[in-house]
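**Student:** Just one file: start.txt, with compact mmCIF, C-alpha atoms.
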```
# COMPACT_ATOMS: atom_id res chain seq x y z
CA MET Y 1 -8.02 11.45 17.00
CA SER Y 2 -4.99 12.50 19.02
CA ASP Y 3 -4.56 15.78 20.89
CA ASN Y 4 -0.77 15.55 20.62
CA GLN Y 5 0.44 18.77 19.02
CA ASN Y 6 3.83 17.17 18.37
CA LEU Y 7 2.45 14.83 15.71
CA LEU Y 8 4.49 14.73 12.53
CA ALA Y 9 2.87 16.40 9.53
CA GLU Y 10 2.40 13.03 7.79
CA GLN Y 11 0.62 11.62 10.86
CA ARG Y 12 -1.62 14.68 11.18
CA ARG Y 13 -2.56 14.51 7.52
CA ALA Y 14 -3.33 10.81 7.74
CA LEU Y 15 -5.64 11.51 10.69
CA ILE Y 16 -7.30 14.37 8.85
CA LEU Y 17 -7.87 12.23 5.76
CA ASP Y 18 -9.33 9.42 7.87
CA GLU Y 19 -11.72 11.87 9.53
CA VAL Y 20 -12.80 13.33 6.18
CA ARG Y 21 -13.46 9.90 4.71
CA ARG Y 22 -15.21 8.56 7.81
CA ARG Y 23 -17.53 11.54 8.32
CA GLY Y 24 -17.91 12.68 4.74
CA GLY Y 25 -16.42 16.09 5.54
CA VAL Y 26 -14.93 18.16 8.38
CA ARG Y 27 -14.62 21.81 9.33
CA VAL Y 28 -11.31 23.55 10.05
CA ASN Y 29 -12.36 24.58 13.58
CA GLU Y 30 -13.22 20.94 14.41
CA LEU Y 31 -9.78 19.81 13.31
CA THR Y 32 -7.96 22.50 15.28
CA ARG Y 33 -9.70 21.33 18.47
CA LYS Y 34 -9.16 17.63 17.83
CA LEU Y 35 -5.50 17.98 16.83
CA ASN Y 36 -4.66 20.83 19.23
CA VAL Y 37 -2.90 22.81 16.49
CA SER Y 38 -3.41 26.21 14.94
CA ASP Y 39 -5.92 27.13 12.26
CA MET Y 40 -3.01 27.89 9.92
CA THR Y 41 -1.47 24.43 10.46
CA VAL Y 42 -4.75 22.74 9.58
CA ARG Y 43 -5.18 24.87 6.47
CA ARG Y 44 -1.64 24.01 5.32
CA ASP Y 45 -2.40 20.32 5.84
CA LEU Y 46 -5.63 20.62 3.85
CA ASP Y 47 -3.74 22.42 1.07
CA ALA Y 48 -1.17 19.59 0.93
CA LEU Y 49 -3.86 16.88 0.83
CA ALA Y 50 -5.80 18.77 -1.82
CA ARG Y 51 -2.65 18.99 -3.99
CA GLN Y 52 -2.33 15.21 -3.70
CA GLY Y 53 -5.90 14.92 -4.96
CA VAL Y 54 -7.23 12.94 -2.00
CA LEU Y 55 -9.69 15.53 -0.70
CA GLU Y 56 -11.39 18.71 -1.87
CA LYS Y 57 -11.24 21.97 0.03
CA VAL Y 58 -14.54 23.75 0.55
CA HIS Y 59 -15.43 26.92 2.44
CA GLY Y 60 -14.52 26.32 6.07
CA GLY Y 61 -13.29 22.74 5.68
CA ALA Y 62 -12.87 19.77 3.34
CA VAL Y 63 -14.84 16.89 1.81
CA PRO Y 64 -13.76 13.60 0.18
CA VAL Y 65 -12.97 13.48 -3.51
CA ALA Y 66 -15.59 11.50 -5.38
CA GLU Y 67 -13.26 9.12 -7.22
CA ALA Y 68 -14.37 7.38 -10.37
CA SER Y 69 -13.63 3.67 -10.57
CA THR Y 70 -11.17 4.49 -13.37
CA TYR Y 71 -9.21 7.08 -11.37
CA GLU Y 72 -5.59 6.00 -10.87
CA PRO Y 73 -3.41 8.25 -8.70
CA GLY Y 74 0.31 8.35 -9.43
CA PHE Y 75 3.03 6.88 -7.21
CA GLU Y 76 4.00 10.25 -5.72
CA ALA Y 77 0.39 11.09 -4.83
CA LYS Y 78 0.02 7.81 -2.94
CA SER Y 79 3.46 7.71 -1.37
CA GLY Y 80 2.68 10.39 1.22
CA LEU Y 81 -0.43 8.64 2.58
CA GLU Y 82 -0.64 6.27 5.57
CA LEU Y 83 3.15 6.20 5.91
CA SER Y 84 3.24 4.81 9.44
CA ALA Y 85 0.70 2.12 8.59
CA LYS Y 86 2.65 1.10 5.49
CA GLU Y 87 5.88 0.83 7.48
CA ASP Y 88 4.21 -1.41 10.09
CA ILE Y 89 2.60 -3.53 7.35
CA ALA Y 90 5.94 -3.87 5.57
CA LYS Y 91 7.71 -5.04 8.74
CA ALA Y 92 5.02 -7.63 9.47
CA ALA Y 93 5.04 -8.88 5.87
CA ALA Y 94 8.84 -9.11 5.79
CA ALA Y 95 8.70 -11.39 8.84
CA MET Y 96 6.69 -13.83 6.71
CA VAL Y 97 9.54 -14.23 4.17
CA THR Y 98 11.87 -17.22 4.36
CA PRO Y 99 15.48 -16.73 3.19
CA GLY Y 100 16.28 -18.39 -0.12
CA THR Y 101 12.74 -18.30 -1.51
CA ALA Y 102 11.32 -16.87 -4.73
CA ILE Y 103 8.87 -14.05 -4.15
CA GLY Y 104 6.72 -11.88 -6.36
CA LEU Y 105 6.35 -8.20 -5.53
CA ALA Y 106 3.68 -6.39 -7.51
CA GLY Y 107 3.59 -2.61 -7.72
CA GLY Y 108 2.42 0.05 -5.27
CA THR Y 109 3.69 2.14 -2.39
CA THR Y 110 3.17 -0.59 0.23
CA ALA Y 111 5.16 -3.07 -1.87
CA PHE Y 112 7.84 -0.36 -2.13
CA ALA Y 113 7.94 -0.13 1.68
CA LEU Y 114 8.17 -3.92 1.89
CA ALA Y 115 11.09 -4.01 -0.55
CA GLN Y 116 13.07 -1.80 1.81
CA GLN Y 117 12.43 -4.26 4.65
CA LEU Y 118 13.58 -7.21 2.52
CA LEU Y 119 17.08 -5.92 1.81
CA GLU Y 120 18.56 -7.89 4.71
CA VAL Y 121 16.75 -11.16 3.95
CA PRO Y 122 19.43 -13.33 2.30
CA ASP Y 123 19.34 -15.20 -0.99
CA LEU Y 124 15.95 -14.06 -2.25
CA THR Y 125 14.86 -14.18 -5.85
CA VAL Y 126 12.53 -11.23 -6.38
CA VAL Y 127 10.30 -10.90 -9.44
CA THR Y 128 8.61 -7.53 -9.76
CA ASN Y 129 6.83 -5.39 -12.31
CA SER Y 130 7.49 -2.26 -10.24
CA VAL Y 131 10.25 0.09 -11.34
CA ARG Y 132 10.31 1.59 -7.85
CA VAL Y 133 10.66 -1.78 -6.13
CA ALA Y 134 13.46 -2.85 -8.47
CA ASP Y 135 15.26 0.43 -7.78
CA VAL Y 136 15.28 -0.31 -4.03
CA PHE Y 137 17.35 -3.46 -4.62
CA TYR Y 138 19.49 -2.02 -7.43
CA ASN Y 139 20.37 1.08 -5.41
CA ALA Y 140 21.27 -1.01 -2.36
CA GLN Y 141 23.57 -3.15 -4.52
CA ARG Y 142 25.23 -0.08 -6.07
CA SER Y 143 25.82 1.39 -2.61
CA ALA Y 144 27.37 -1.86 -1.41
CA ALA Y 145 29.55 -2.06 -4.51
CA ALA Y 146 30.77 1.49 -3.98
CA LEU Y 147 31.89 0.57 -0.48
CA GLY Y 148 33.36 -2.86 -1.10
CA GLY Y 149 34.14 -3.35 -4.77
CA ALA Y 150 32.20 -4.59 -7.78
CA ALA Y 151 31.26 -8.06 -6.49
CA PRO Y 152 27.68 -8.47 -5.22
CA ARG Y 153 27.44 -8.65 -1.44
CA PRO Y 154 26.87 -12.18 -0.07
CA GLY Y 155 23.17 -13.04 0.08
CA ALA Y 156 22.07 -10.12 -2.09
CA ALA Y 157 18.72 -10.63 -3.79
CA THR Y 158 18.50 -11.65 -7.42
CA VAL Y 159 15.98 -9.26 -8.96
CA VAL Y 160 13.99 -9.85 -12.15
CA LEU Y 161 12.17 -6.79 -13.51
CA THR Y 162 9.54 -7.57 -16.12
CA GLY Y 163 9.20 -5.44 -19.22
CA GLY Y 164 5.97 -3.76 -20.22
CA VAL Y 165 4.13 -0.46 -20.46
CA ARG Y 166 4.54 1.90 -17.51
CA THR Y 167 1.45 2.96 -15.53
CA PRO Y 168 0.97 6.13 -13.42
CA SER Y 169 1.98 4.07 -10.36
CA ASP Y 170 5.26 3.07 -12.05
CA THR Y 171 4.34 -0.56 -12.64
CA LEU Y 172 4.99 -2.40 -15.90
CA VAL Y 173 1.95 -4.06 -17.47
CA GLY Y 174 0.71 -5.43 -20.78
CA PRO Y 175 1.61 -8.47 -22.93
CA VAL Y 176 5.36 -8.37 -22.25
CA ALA Y 177 4.86 -8.25 -18.48
CA ASP Y 178 2.13 -10.91 -18.68
CA ALA Y 179 4.39 -13.30 -20.60
CA ALA Y 180 7.26 -12.85 -18.14
CA VAL Y 181 5.09 -13.45 -15.08
CA ARG Y 182 3.21 -16.35 -16.65
CA ALA Y 183 6.47 -18.26 -17.22
CA LEU Y 184 7.56 -18.05 -13.57
CA HIS Y 185 6.48 -19.54 -10.25
CA PHE Y 186 6.70 -17.90 -6.82
CA ASP Y 187 6.72 -19.33 -3.33
CA VAL Y 188 4.80 -16.27 -2.17
CA LEU Y 189 3.34 -13.18 -3.85
CA PHE Y 190 3.02 -9.88 -2.00
CA LEU Y 191 0.39 -7.77 -3.64
CA GLY Y 192 -0.66 -4.20 -3.03
CA VAL Y 193 -4.16 -3.26 -4.16
CA HIS Y 194 -6.19 -0.22 -5.12
CA GLY Y 195 -9.27 -1.69 -3.47
CA ILE Y 196 -10.50 -4.75 -1.62
CA SER Y 197 -14.06 -5.78 -0.80
CA VAL Y 198 -16.13 -8.92 -0.32
CA GLU Y 199 -18.17 -8.29 -3.46
CA ALA Y 200 -15.42 -7.16 -5.86
CA GLY Y 201 -12.44 -8.94 -4.31
CA LEU Y 202 -9.16 -7.29 -5.34
CA SER Y 203 -9.53 -4.51 -7.89
CA THR Y 204 -7.64 -1.81 -9.78
CA PRO Y 205 -8.67 1.08 -12.04
CA ASN Y 206 -6.18 -0.05 -14.71
CA LEU Y 207 -7.41 -2.82 -17.04
CA ALA Y 208 -3.92 -3.84 -18.19
CA GLU Y 209 -2.64 -3.94 -14.61
CA ALA Y 210 -5.58 -6.16 -13.66
CA GLU Y 211 -4.54 -8.70 -16.31
CA THR Y 212 -0.91 -8.68 -15.17
CA ASN Y 213 -2.03 -9.12 -11.56
CA ARG Y 214 -4.14 -12.12 -12.57
CA HIS Y 215 -0.99 -13.79 -13.88
CA PHE Y 216 0.86 -12.93 -10.67
CA VAL Y 217 -1.88 -14.58 -8.60
CA ARG Y 218 -1.95 -17.69 -10.79
CA SER Y 219 1.84 -18.06 -10.57
CA ALA Y 220 2.02 -17.96 -6.76
CA ARG Y 221 1.70 -20.83 -4.30
CA ARG Y 222 0.72 -18.32 -1.59
CA VAL Y 223 -0.87 -14.88 -2.05
CA VAL Y 224 -0.46 -12.19 0.62
CA VAL Y 225 -2.21 -8.85 0.19
CA VAL Y 226 -0.50 -5.86 1.85
CA ALA Y 227 -3.00 -3.03 2.18
CA ASP Y 228 -3.76 -0.32 4.72
CA HIS Y 229 -7.30 0.04 6.08
CA THR Y 230 -8.30 2.77 3.60
CA LYS Y 231 -8.33 0.19 0.80
CA TRP Y 232 -11.17 -1.78 2.41
CA GLY Y 233 -14.48 -1.06 0.67
CA THR Y 234 -12.82 0.66 -2.31
CA VAL Y 235 -13.69 -0.78 -5.72
CA GLY Y 236 -11.71 -0.12 -8.92
CA LEU Y 237 -12.87 -0.64 -12.48
CA SER Y 238 -11.52 -4.17 -12.88
CA SER Y 239 -11.46 -7.09 -10.42
CA PHE Y 240 -8.55 -9.49 -10.79
CA ALA Y 241 -8.94 -11.91 -7.87
CA SER Y 242 -11.62 -13.00 -5.43
CA LEU Y 243 -11.01 -13.16 -1.70
CA ASP Y 244 -10.92 -16.95 -1.76
CA GLN Y 245 -7.74 -16.68 -3.88
CA VAL Y 246 -6.00 -14.78 -1.07
CA ASP Y 247 -4.15 -16.61 1.71
CA ALA Y 248 -3.46 -13.66 4.00
CA LEU Y 249 -4.11 -9.94 4.41
CA VAL Y 250 -1.61 -7.75 6.26
CA THR Y 251 -3.21 -4.47 7.29
CA ASP Y 252 -3.17 -1.88 10.10
CA PRO Y 253 -5.24 -1.20 13.26
CA GLY Y 254 -7.41 1.34 11.43
CA LEU Y 255 -9.44 -1.52 9.95
CA PRO Y 256 -12.81 -1.51 11.78
CA ALA Y 257 -13.85 -4.49 13.88
CA ALA Y 258 -16.82 -5.22 11.59
CA ALA Y 259 -14.50 -5.39 8.58
CA ARG Y 260 -12.10 -7.69 10.45
CA ALA Y 261 -14.94 -10.06 11.28
CA GLU Y 262 -16.10 -10.04 7.66
CA ILE Y 263 -12.61 -10.69 6.32
CA ALA Y 264 -12.08 -13.54 8.79
CA GLU Y 265 -14.97 -15.38 7.14
CA TYR Y 266 -13.12 -15.44 3.80
CA LEU Y 267 -9.38 -15.37 4.50
CA PRO Y 268 -7.35 -18.02 6.35
CA GLU Y 269 -5.11 -15.36 7.91
CA LEU Y 270 -5.54 -11.71 8.88
CA VAL Y 271 -2.46 -9.96 10.29
CA VAL Y 272 -3.01 -6.58 11.95
CA ALA Y 273 0.37 -4.88 12.11
CA GLY Y 274 1.17 -2.23 14.69
CA GLU Y 275 -1.56 -3.02 17.23
CA PRO Y 276 -0.86 -1.12 20.49
CA GLY Y 277 1.40 -3.17 22.72
CA GLU Y 278 2.33 -5.76 20.10
CA ALA Y 279 4.08 -5.99 16.74
CA ALA Y 280 1.18 -7.70 15.00
CA SER Y 281 -1.89 -9.70 15.84
CA VAL Y 282 -3.03 -12.69 13.83
CA LEU Y 283 -6.78 -13.27 13.74
```
I'd like the structure from this file rewritten - as structure tokens, please.
**Tutor:**
Amino acid sequence: MSDNQNLLAEQRRALILDEVRRRGGVRVNELTRKLNVSDMTVRRDLDALARQGVLEKVHGGAVPVAEASTYEPGFEAKSGLELSAKEDIAKAAAAMVTPGTAIGLAGGTTAFALAQQLLEVPDLTVVTNSVRVADVFYNAQRSAAALGGAAPRPGAATVVLTGGVRTPSDTLVGPVADAAVRALHFDVLFLGVHGISVEAGLSTPNLAEAETNRHFVRSARRVVVVADHTKWGTVGLSSFASLDQVDALVTDPGLPAAARAEIAEYLPELVVAGEPGEAASVL
């Protein structure tokens, strides 16, 4: 962990959460030494992470939350985690997109970050079941219209938002969403996940979302998972795809070497975004 006391709060909290998960618990005085910040700063960070539901405060420190396989955090709870990693992942994934193609963007905070990176890629057709992702494109179009008239800007994405029942992560699932996705075909699907492992493959705590994601995977010629390192080894209630159905994983340098080696046995492409000294490394 870094000794830089000028770390942004989001970076500090990501480091704290990593340490809690890796060690199974930390003490406040350990964190103050490692981060070179005050006791009060650490306690504020722990309070913020506890409010998000990602750790539990105990006397003198914090421990991980024992999450049930059915636990599904909301979009806001997840949006403040691993922000730098998600931004790097989004940039690397956006570089994989060819102008003029049809892409699927399933829900999640990493897909939301990717949508922001795709605004300048021309002539895309974007199919999504994420209200948040659709809003990124709609809001960009409204802003452009306000500046230059009612006509869509040249090259603006065509966005198709499926119907369905809204989940805590602001994705639309269920029979209506399934029917919409099933009738379409994508050049590439970018898919965020709740968990990924060799045994369970890709998984989610939401049964209806799992079914919708199955249709997304079946409708795509190429499947790219965008997931930060904390998703590795996590298993949700329902699996919706095995690793051999995935063409590429875009992740961050926090993924341990052992996990990278294991993934390389199953996936044709592993992209590690934000490696020191380079934009991304392909293994």
**Student:** Have a look at Y:Arg21, Y:Asp178, Y:Met96, Y:Gly108 and name the one nearest to Y:Gly233; count only C-alpha atoms.
**Tutor:**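 Distance minimum relative to Y:Gly233 lands on Y:Arg21.
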**Student:** Mind running stretch 214-246 of chain Y against stretch 265-275 of chain Y at 10 Å and telling me each contacting residue's nearest atom pair with the distance in Å (one decimal), counting only C-alpha atoms, chain and number ascending, as a Markdown table?
**Tutor:**
```
| residue | atom | partner | partner_atom | distance |
| --- | --- | --- | --- | --- |
| Y:Val224 | CA | Y:Glu269 | CA | 9.2 |
| Y:Val225 | CA | Y:Leu270 | CA | 9.7 |
| Y:Val226 | CA | Y:Val271 | CA | 9.6 |
| Y:Asp228 | CA | Y:Val272 | CA | 9.6 |
| Y:His229 | CA | Y:Val272 | CA | 9.8 |
| Y:Ser242 | CA | Y:Tyr266 | CA | 9.7 |
| Y:Leu243 | CA | Y:Tyr266 | CA | 6.3 |
| Y:Asp244 | CA | Y:Tyr266 | CA | 6.2 |
| Y:Gln245 | CA | Y:Leu267 | CA | 8.6 |
| Y:Val246 | CA | Y:Leu267 | CA | 6.5 |
```
**Student:** Set the distance at 7 Å and use all atoms listed in the file: which residues neighbour Y:Leu124 once local chain neighbours fewer than 3 positions away are removed? I'd like the list as an MDAnalysis selection string.
**Tutor:** chainID Y and resid 99:102 121 157:158
**Student:** Pick out the residues sitting within 7 Å of Y:Val54, and hand them over as an NGL selection string; count all atoms listed in the file, and ignore anything fewer than 2 positions along from it in its own chain.
**Tutor:** :Y and (49-50 or 52 or 64-65)
**Student:** I need the residues from that last selection saved to file as a JSON list (two decimals), keeping the file's coordinate frame (with C-alpha atoms), if you can.
**Tutor:**
```json
[["chain", "number", "residue", "atom", "x", "y", "z"],
["Y", 49, "LEU", "CA", -3.86, 16.88, 0.83],
["Y", 50, "ALA", "CA", -5.80, 18.77, -1.82],
["Y", 52, "GLN", "CA", -2.33, 15.21, -3.70],
["Y", 64, "PRO", "CA", -13.76, 13.60, 0.18],
["Y", 65, "VAL", "CA", -12.97, 13.48, -3.51]]
```
**Student:** To one decimal in Å, tell me the separation between atom CA of Y:Ala85 and atom CA of Y:Thr110.
**Tutor:**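 Those two atoms sit 9.1 Å apart.
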**Student:** For Y:Ser130, please output as number ranges by chain all residues within 8 Å (counting only C-alpha atoms; exclusion window: fewer than 4 positions along the same chain).
**Tutor:** Y: 105-108, 134, 161, 170-172
**Student:** Atom CA of Y:Ala257 and atom CA of Y:Asp45, how far apart in Å?
**Tutor:**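 Distance between the two atoms: 28.5 Å.
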**Student:** Can you patch up stretch 166-187 of chain Y, filling it in to N, CA, C and O atoms, and show the result as a tab-separated table (two decimals), in the coordinates of the input?
**Tutor:**
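Result written to selection_17.tsv:
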```tsv
chain	number	residue	atom	x	y	z
Y	166	ARG	N	4.52	1.30	-18.85
Y	166	ARG	CA	4.54	1.90	-17.51
Y	166	ARG	C	3.21	2.58	-17.19
Y	166	ARG	O	2.67	3.31	-18.01
Y	167	THR	N	2.70	2.34	-15.98
Y	167	THR	CA	1.45	2.96	-15.53
Y	167	THR	C	1.76	4.19	-14.68
Y	167	THR	O	2.92	4.43	-14.33
Y	168	PRO	N	0.72	4.99	-14.30
Y	168	PRO	CA	0.97	6.13	-13.42
Y	168	PRO	C	1.59	5.76	-12.08
Y	168	PRO	O	2.25	6.58	-11.45
Y	169	SER	N	1.39	4.51	-11.63
Y	169	SER	CA	1.98	4.07	-10.36
Y	169	SER	C	3.34	3.40	-10.55
Y	169	SER	O	3.85	2.74	-9.65
Y	170	ASP	N	3.92	3.58	-11.74
Y	170	ASP	CA	5.26	3.07	-12.05
Y	170	ASP	C	5.36	1.55	-12.02
Y	170	ASP	O	6.39	0.98	-11.66
Y	171	THR	N	4.29	0.87	-12.43
Y	171	THR	CA	4.34	-0.56	-12.64
Y	171	THR	C	4.35	-0.85	-14.13
Y	171	THR	O	3.86	-0.04	-14.93
Y	172	LEU	N	4.90	-2.00	-14.50
Y	172	LEU	CA	4.99	-2.40	-15.90
Y	172	LEU	C	3.91	-3.45	-16.18
Y	172	LEU	O	3.84	-4.47	-15.49
Y	173	VAL	N	3.09	-3.19	-17.17
Y	173	VAL	CA	1.95	-4.06	-17.47
Y	173	VAL	C	1.87	-4.32	-18.96
Y	173	VAL	O	2.66	-3.80	-19.74
Y	174	GLY	N	0.90	-5.14	-19.37
Y	174	GLY	CA	0.71	-5.43	-20.78
Y	174	GLY	C	1.28	-6.78	-21.17
Y	174	GLY	O	1.76	-7.55	-20.32
Y	175	PRO	N	1.24	-7.13	-22.46
Y	175	PRO	CA	1.61	-8.47	-22.93
Y	175	PRO	C	3.01	-8.90	-22.55
Y	175	PRO	O	3.23	-10.08	-22.23
Y	176	VAL	N	3.98	-8.00	-22.59
Y	176	VAL	CA	5.36	-8.37	-22.25
Y	176	VAL	C	5.46	-8.76	-20.77
Y	176	VAL	O	6.05	-9.78	-20.40
Y	177	ALA	N	4.87	-7.94	-19.90
Y	177	ALA	CA	4.86	-8.25	-18.48
Y	177	ALA	C	4.09	-9.54	-18.21
Y	177	ALA	O	4.53	-10.39	-17.42
Y	178	ASP	N	2.95	-9.71	-18.88
Y	178	ASP	CA	2.13	-10.91	-18.68
Y	178	ASP	C	2.91	-12.17	-19.03
Y	178	ASP	O	2.88	-13.17	-18.30
Y	179	ALA	N	3.63	-12.13	-20.16
Y	179	ALA	CA	4.39	-13.30	-20.60
Y	179	ALA	C	5.51	-13.65	-19.61
Y	179	ALA	O	5.75	-14.82	-19.31
Y	180	ALA	N	6.17	-12.62	-19.09
Y	180	ALA	CA	7.26	-12.85	-18.14
Y	180	ALA	C	6.74	-13.48	-16.85
Y	180	ALA	O	7.31	-14.45	-16.34
Y	181	VAL	N	5.64	-12.94	-16.33
Y	181	VAL	CA	5.09	-13.45	-15.08
Y	181	VAL	C	4.52	-14.85	-15.26
Y	181	VAL	O	4.69	-15.74	-14.42
Y	182	ARG	N	3.86	-15.07	-16.37
Y	182	ARG	CA	3.21	-16.35	-16.65
Y	182	ARG	C	4.21	-17.50	-16.69
Y	182	ARG	O	3.88	-18.64	-16.36
Y	183	ALA	N	5.45	-17.21	-17.07
Y	183	ALA	CA	6.47	-18.26	-17.22
Y	183	ALA	C	7.18	-18.59	-15.91
Y	183	ALA	O	8.02	-19.49	-15.88
Y	184	LEU	N	6.84	-17.89	-14.83
Y	184	LEU	CA	7.56	-18.05	-13.57
Y	184	LEU	C	6.63	-18.59	-12.47
Y	184	LEU	O	5.40	-18.59	-12.63
Y	185	HIS	N	7.24	-19.01	-11.37
Y	185	HIS	CA	6.48	-19.54	-10.25
Y	185	HIS	C	7.09	-19.01	-8.95
Y	185	HIS	O	8.31	-19.07	-8.77
Y	186	PHE	N	6.24	-18.53	-8.06
Y	186	PHE	CA	6.70	-17.90	-6.82
Y	186	PHE	C	6.26	-18.72	-5.62
Y	186	PHE	O	5.17	-19.28	-5.60
Y	187	ASP	N	7.12	-18.73	-4.60
Y	187	ASP	CA	6.72	-19.33	-3.33
Y	187	ASP	C	5.63	-18.48	-2.68
Y	187	ASP	O	4.67	-19.01	-2.10
```
